[in-house]
Structure formats: structure tokens, C-alpha cells
Amino acid sequence: MTFTKPGGTIYTQPDQGGDDTKDSDANPVTGSSPVITVVSGETNNTVDAGILRPASLGDFVWEDKNGNGIQDAGEPGIAGVVVMLEDGSGNPATDINGNVVASVVTDASGQYGFTNLKPGVGYVVKFTKPAGYEATAKDQGGDDTKDSDADVVTGKAPVVVLQSGENNPTIDAGYYRPATIGDFVWDDKNANGVQDAGEPGIPGLTVTLSGTAGDGTPVNLTTVTGPNGEYSFTGLKPGSYTVTFTKPGGTIYTQPDQGGDDTKDSDANPVTGSSPVITVVSGETNNTVDAGILRPASLGDFVWEDKNGNGIQDAGEPGIAGVVVMLEDGSGNPATDINGNVVASVVTNASGQYGFTNLKPGVGYVVKFTKPAGYEATAKDQGGDDTKDSDADVVTGKAPVVVLQSGENNPTIDAGYYRPATIGDFVWDDKNANGVQDAGEPGIPGLTVTLSGTAGDGTPVNLTTVTGPNGEYSFTGLKPGSYTVTFTKPGGTIYTQPDQGRRRYERQ
């Protein structure tokens, strides 16, 4: 008996199992059964033929944008991926006709397929990892039509045994392109929270990346900033991550999210040092995750006795000890330091020096000097050297507002004081005309005396007084300077000869 079969099919193997009523008797080549001898009246219902229809498999190679191992809506196929078919022993697979199955390449949509396969044979699909990609995790989710089947190391899917005529469209492979997160840790000199030209990076700081890849894998990585403050985490799976920065001791983080350019701001939380959660997809490079650091600043310098009253710290002019110096903000309130603590007042040391440390950059500070007893403030802003002048207002004792940069020390905030000077003495009737105030020679009251000249700071001075009942006069509260005293005399008198004896017009 000879059977015919549908086109493209083959006969199954004959004589399988142990029940002749259930096996196939058709020769796989000829389609004929063995010779069957029947006798009178015999019924032989055991001559059968099993047909195998060709099977197929295949499906999809895609870019797993979020790295979760599942074909999500909108995730694109990857074209040009080489896909091979092996048998269960790793040899090239053969089709229903015994021919070696050639490799295929995914089309523009990422689709591939193998047809004309033999049912009942174990087939292994082997995917060739495309350049620049890594294999996503396999067997994610609960839907085999949407997951990846490729082993992340070998690229092989599990063995598949197909039934006659079966098409298995579930053998998929997902790949992602590694992502990158990084950028820069910098010294925010002007404390504006923006990476301005010339602001330097800070090397040697530890940066930690933590979070979860799209496939649920926990990630915890650490690196150190480079010579220019740069850092980078490369080769990342798509996922959601947080970057945590460390800072040098005694520093703080600048304010985050300043300006309008995310590539130039700071992302570190001022308390925790951590960025917001950053989600990266396949192939993404996010070089916008930065941290600005503020180093404590300081200011101070010198309170001195301005001996010549010129408002300039001249050689040999001494410091004034024990002067109370306070620090205010620009609104006149007590100033706070880089940690938010109120800055205590200080007292000048034996050399007249003072200083405030641990100050916050970018904040307006006002130094307020307390005028020492018996002194007056010298003129401010004299000369052309801010390191040598006085900055204290003569009325309020306050210096101008100072805004410090990160790490800056400003040693130019000075205050000069002078002790008021006095000029005066006596106009007398020189009875014996010897030019000397002899005992019993009376003073002359009611005469006008004028003081004129220039104070050390250049201020012109012109003062007038009148001699008292005993001929005495005095100009007090004078700034240090150079002056001339001019006397008036009663009508019809002359001045006695000057510089006689040991005294001039003033008592010694």
C-alpha cells in the first residue's frame, strides 16, 4: 500500500511504540507500507501513515529602553541582528528535509523567523549580541510572548520542541545600550548655585550611585572625582538611580536648582548631599548631575590708633586692644555662619587684630566696630590702598557690606581711631618785657584766639575762642594735624619777643 502526502510534508518515522495499530507503516522515502498478506475474510485495520507538517519559530529582537526585560509599547526593534538555529547539542540545525538551516538577520522592524522546521526536534535559537548593546534580563514578567529568552552570556534561548505545523512566535531577545550618569563637583566661588566660568572642580571626593535597574537588580557603585572635579558612572543598565556626593569637612552644599540651565546648576540636596531620582533609558548619557560646594570664608584685620589722623595705617602706629567688634547681616541683624549659627562678637587682641571665621559665602556681612573709650573714629577710605585705610563709618562704626567668595579670606576690614588732641594756654601782660611768664604777671582776658590748619585727613580747620578771666584759652577735641594759633592783642600793644627763656606762649 502506498500513501501520498500533502506538499511540503514528510512521513513520520514508522514502527514507533509497541502497538502496530497505533504506529505509522509508511516508508519515509517511498510512502509505501511493507507487504501485507491477508487471508480469506481477514480485516487488517493497522496500515497507517503519519504525516509531519513543517513547523516554524521566531519573533522579535528589540531595544529594551527601560531595561525591564519586557517588550513595552513603543520600544523599537533592532535591525540587522544575526540569529542562528542550533540543535540541542549545539550543532547547526537541519530543517524538515534534512538541510542545514541558514542564519537569518532581523528586518527593519526587528523581526526574524525560521520556517520549514522538523517537528519533534529540539531547536535552540542563538542571538548574536549587536554591537554597542548588552542583553537584558530574561524571563521577566509573566507573559512569555513579551519577555526576552536569550541567555545574557551565551545569547541562546532554551530548547524548543515544535509540534507538527506549529508556529512558535515567542522566541525573543531584548538588548539595551548602556547608560551613563555623571558630571562635575565644583567650588561655587560666588555661591550663586551656578557653574560660572573659571570656578574650579574639586578632585578626590567620593560619589556614590545607588538605585535599581529596570529589571529589579539593585545597584550600588562608588567612584572618586578626577583632577578637574569630574566623575562618571558608565555601563549602567537603564533604571532609576540616586547620586550621593560627599563634601570636604567644614563645607556645605550650595543651593540646588539655581538659574535656568540644568547642566550648570547643583543637584545635591543641601542636607543629604543626594540628587533627586534620575531615570535613564537605553543609551542615554545624563551629564547634568552636579554638586556645588561652598567652603567657609573669613574676614577681619586691624583696629589701630591713627597717630597722625590721616586715616592710613602708617608704620609704627599701634593696634588698639580690647575693642569689641560685631558682625551683622545686610539688614542689621546678627549674622550667622556657614552652619546657620549666630556669629559671636570678638575683641581685638593685644596687637589690635580681630577675625571672624567659618562664614558663609555669597552672604552680605557688615563689620561693626565699637568705638573705644576716649577715642574718635578717623576718616574712612583715605589713600588708595584698601588694606591700609579705615572702613568704619565715623558715626555708626559700620564698614560697608562685604560679600565673600567660597574659601575667601578678606583681611582688609580695618578701623582707625585717634584720641582727640588739645592746643592752648595763656595770654599775659609781660610786665618786665623779658618774654617770660614771670610770677605775678597777669593774664589778659577777652582776647580772640584763632586756630587754623589742616587735620591729618586733609580736613581744613578754623576755630575761634576767647581768653578767659585769667588769660587762659584752649582748643580741645582736635583731630591730629598741623595747626597755627593766631592771637589778637589789645589796641596800642605789641607782642613780646618769642622764644625767650624756656617757654613760648604755652605753659610747659
# chains A, B, ... in the order shown; residues from 1 in each chain; ligands from 1
$ residues_around --residues "stretch 72-89 of chain A" --least-positions-apart "3" --cutoff "8 Å" --atoms "only C-alpha atoms" --output "ChimeraX atom specification"
/A:60-65,92-94,101-112,121-130,146,159
$ select_by_dssp --residues "stretch 319-353 of chain A" --states "strand (DSSP E)" --output "PyMOL selection string"
chain A and resi 324-329+346-347+353
$ write_last_selection --atoms "N, CA and C atoms" --output "tab-separated table (two decimals), in the first residue's frame"
chain	number	residue	atom	x	y	z
A	324	VAL	N	35.58	95.89	70.98
A	324	VAL	CA	34.52	94.93	70.65
A	324	VAL	C	34.12	95.12	69.19
A	325	VAL	N	34.13	94.00	68.45
A	325	VAL	CA	33.76	94.02	67.04
A	325	VAL	C	32.63	93.02	66.85
A	326	MET	N	31.56	93.45	66.17
A	326	MET	CA	30.40	92.60	65.92
A	326	MET	C	30.22	92.39	64.43
A	327	LEU	N	29.45	91.35	64.09
A	327	LEU	CA	29.15	91.05	62.69
A	327	LEU	C	27.65	91.01	62.50
A	328	GLU	N	27.17	91.77	61.52
A	328	GLU	CA	25.75	91.82	61.21
A	328	GLU	C	25.53	91.37	59.76
A	329	ASP	N	24.25	91.06	59.44
A	329	ASP	CA	23.92	90.86	58.04
A	329	ASP	C	23.58	92.22	57.42
A	346	VAL	N	33.63	89.55	68.80
A	346	VAL	CA	35.01	89.27	69.18
A	346	VAL	C	35.62	90.54	69.74
A	347	VAL	N	36.80	90.37	70.32
A	347	VAL	CA	37.52	91.50	70.92
A	347	VAL	C	38.93	91.51	70.33
A	353	GLN	N	44.40	93.05	66.47
A	353	GLN	CA	43.87	92.18	65.43
A	353	GLN	C	42.54	91.55	65.88
$ residues_around --residues "A:Ser298" --least-positions-apart "6" --cutoff "12 Å" --atoms "only C-alpha atoms" --output "ChimeraX atom specification"
/A:327,337-338,343,354-363,365,367,402-413
$ closest_atom_pairs --of "stretch 204-305 of chain A" --to "stretch 132-136 of chain A" --cutoff "10 Å" --atoms "only C-alpha atoms" --output "tab-separated table"
residue	atom	partner	partner_atom	distance
A:Gly214	CA	A:Thr136	CA	9.4
A:Asp215	CA	A:Thr136	CA	8.0
A:Gly235	CA	A:Glu134	CA	9.3
A:Lys237	CA	A:Thr136	CA	8.5
A:Pro238	CA	A:Thr136	CA	9.6
A:Ser282	CA	A:Tyr133	CA	9.0
A:Gly283	CA	A:Tyr133	CA	8.6
$ residues_around --residues "stretch 219-224 of chain A" --least-positions-apart "6" --cutoff "12 Å" --atoms "only C-alpha atoms" --output "ChimeraX atom specification"
/A:181-185,202-213,230-247
$ residues_around --residues "A:Lys138" --least-positions-apart "2" --cutoff "8 Å" --atoms "only C-alpha atoms" --output "PDB file with C-alpha atoms, in the first residue's frame"
ATOM      1  CA  GLY A  69      13.126  42.772  30.232  1.00  0.00           C
ATOM      2  CA  THR A 136      18.533  42.443  29.012  1.00  0.00           C
ATOM      3  CA  GLN A 140      10.826  38.868  33.197  1.00  0.00           C
ATOM      4  CA  ASP A 147       9.837  38.664  27.608  1.00  0.00           C
ATOM      5  CA  SER A 148      13.399  38.028  26.458  1.00  0.00           C
ATOM      6  CA  ASP A 149      14.522  34.413  26.087  1.00  0.00           C
ATOM      7  CA  ALA A 150      18.207  34.993  25.293  1.00  0.00           C
ATOM      8  CA  ASP A 151      20.737  33.988  27.950  1.00  0.00           C
ATOM      9  CA  VAL A 152      22.690  37.136  28.894  1.00  0.00           C
TER      10      VAL A 152
END
$ atom_distance --atom1 "atom CA of A:Ser482" --atom2 "atom CA of A:Lys307"
12.5 Å
$ closest_residue --among "A:Thr263, A:Thr285, A:Asp425, A:Phe114" --to "A:Arg177" --atoms "only C-alpha atoms"
A:Thr285
$ closest_residue --among "A:Pro119, A:Pro54, A:Pro256, A:Gly142" --to "A:Ala191" --atoms "only C-alpha atoms"
A:Pro256
$ closest_residue --among "A:Gly229, A:Gly193, A:Gly18, A:Gly319" --to "A:Asp257" --atoms "only C-alpha atoms"
A:Gly193
$ residues_around --residues "A:Ser452" --least-positions-apart "6" --cutoff "6 Å" --atoms "only C-alpha atoms" --output "VMD selection string"
chain A and resid 461 to 462 483 to 484
$ decode --residues "stretch 426-451 of chain A" --atoms "N, CA and C atoms" --output "JSON list (two decimals), in the first residue's frame"
[["chain", "number", "residue", "atom", "x", "y", "z"],
["A", 426, "PHE", "N", 47.81, 130.46, 77.30],
["A", 426, "PHE", "CA", 47.78, 131.65, 78.16],
["A", 426, "PHE", "C", 48.23, 132.87, 77.36],
["A", 427, "VAL", "N", 47.49, 133.95, 77.53],
["A", 427, "VAL", "CA", 47.93, 135.27, 77.02],
["A", 427, "VAL", "C", 48.12, 136.17, 78.24],
["A", 428, "TRP", "N", 49.34, 136.75, 78.35],
["A", 428, "TRP", "CA", 49.62, 137.52, 79.58],
["A", 428, "TRP", "C", 50.29, 138.85, 79.29],
["A", 429, "ASP", "N", 50.24, 139.66, 80.28],
["A", 429, "ASP", "CA", 50.87, 141.00, 80.26],
["A", 429, "ASP", "C", 52.31, 140.84, 80.75],
["A", 430, "ASP", "N", 53.24, 140.95, 79.78],
["A", 430, "ASP", "CA", 54.65, 140.71, 80.10],
["A", 430, "ASP", "C", 55.23, 141.97, 80.74],
["A", 431, "LYS", "N", 55.03, 142.10, 82.04],
["A", 431, "LYS", "CA", 55.34, 143.33, 82.76],
["A", 431, "LYS", "C", 56.78, 143.79, 82.55],
["A", 432, "ASN", "N", 57.73, 142.88, 82.61],
["A", 432, "ASN", "CA", 59.14, 143.29, 82.51],
["A", 432, "ASN", "C", 59.71, 143.09, 81.12],
["A", 433, "ALA", "N", 58.77, 142.73, 80.15],
["A", 433, "ALA", "CA", 59.16, 142.65, 78.73],
["A", 433, "ALA", "C", 60.31, 141.69, 78.49],
["A", 434, "ASN", "N", 60.43, 140.67, 79.34],
["A", 434, "ASN", "CA", 61.55, 139.73, 79.11],
["A", 434, "ASN", "C", 61.12, 138.51, 78.30],
["A", 435, "GLY", "N", 59.84, 138.47, 77.85],
["A", 435, "GLY", "CA", 59.36, 137.36, 77.04],
["A", 435, "GLY", "C", 59.12, 136.10, 77.81],
["A", 436, "VAL", "N", 59.10, 136.21, 79.16],
["A", 436, "VAL", "CA", 58.92, 135.04, 80.01],
["A", 436, "VAL", "C", 57.79, 135.32, 80.99],
["A", 437, "GLN", "N", 56.92, 134.31, 81.20],
["A", 437, "GLN", "CA", 55.81, 134.46, 82.16],
["A", 437, "GLN", "C", 56.37, 134.38, 83.57],
["A", 438, "ASP", "N", 56.58, 135.55, 84.13],
["A", 438, "ASP", "CA", 57.13, 135.59, 85.48],
["A", 438, "ASP", "C", 56.00, 135.58, 86.50],
["A", 439, "ALA", "N", 56.36, 135.18, 87.68],
["A", 439, "ALA", "CA", 55.37, 135.14, 88.77],
["A", 439, "ALA", "C", 54.73, 136.49, 88.94],
["A", 440, "GLY", "N", 53.40, 136.49, 89.02],
["A", 440, "GLY", "CA", 52.64, 137.69, 89.25],
["A", 440, "GLY", "C", 52.22, 138.42, 88.01],
["A", 441, "GLU", "N", 52.75, 138.01, 86.84],
["A", 441, "GLU", "CA", 52.33, 138.68, 85.62],
["A", 441, "GLU", "C", 50.95, 138.17, 85.22],
["A", 442, "PRO", "N", 49.99, 139.10, 85.09],
["A", 442, "PRO", "CA", 48.58, 138.68, 84.95],
["A", 442, "PRO", "C", 48.23, 138.25, 83.53],
["A", 443, "GLY", "N", 47.21, 137.36, 83.44],
["A", 443, "GLY", "CA", 46.64, 137.02, 82.14],
["A", 443, "GLY", "C", 45.75, 138.14, 81.64],
["A", 444, "ILE", "N", 45.50, 138.11, 80.33],
["A", 444, "ILE", "CA", 44.67, 139.15, 79.73],
["A", 444, "ILE", "C", 43.40, 138.47, 79.21],
["A", 445, "PRO", "N", 42.26, 138.78, 79.79],
["A", 445, "PRO", "CA", 41.02, 138.15, 79.36],
["A", 445, "PRO", "C", 40.44, 138.81, 78.10],
["A", 446, "GLY", "N", 39.48, 138.08, 77.48],
["A", 446, "GLY", "CA", 38.65, 138.66, 76.44],
["A", 446, "GLY", "C", 39.32, 138.84, 75.09],
["A", 447, "LEU", "N", 40.50, 138.24, 74.90],
["A", 447, "LEU", "CA", 41.16, 138.38, 73.60],
["A", 447, "LEU", "C", 40.80, 137.20, 72.70],
["A", 448, "THR", "N", 40.60, 137.48, 71.43],
["A", 448, "THR", "CA", 40.26, 136.43, 70.45],
["A", 448, "THR", "C", 41.50, 135.65, 70.03],
["A", 449, "VAL", "N", 41.34, 134.32, 70.03],
["A", 449, "VAL", "CA", 42.41, 133.44, 69.61],
["A", 449, "VAL", "C", 41.85, 132.52, 68.51],
["A", 450, "THR", "N", 42.58, 132.38, 67.41],
["A", 450, "THR", "CA", 42.11, 131.59, 66.26],
["A", 450, "THR", "C", 43.07, 130.44, 66.01],
["A", 451, "LEU", "N", 42.45, 129.25, 65.79],
["A", 451, "LEU", "CA", 43.23, 128.07, 65.40],
["A", 451, "LEU", "C", 42.88, 127.75, 63.95]]
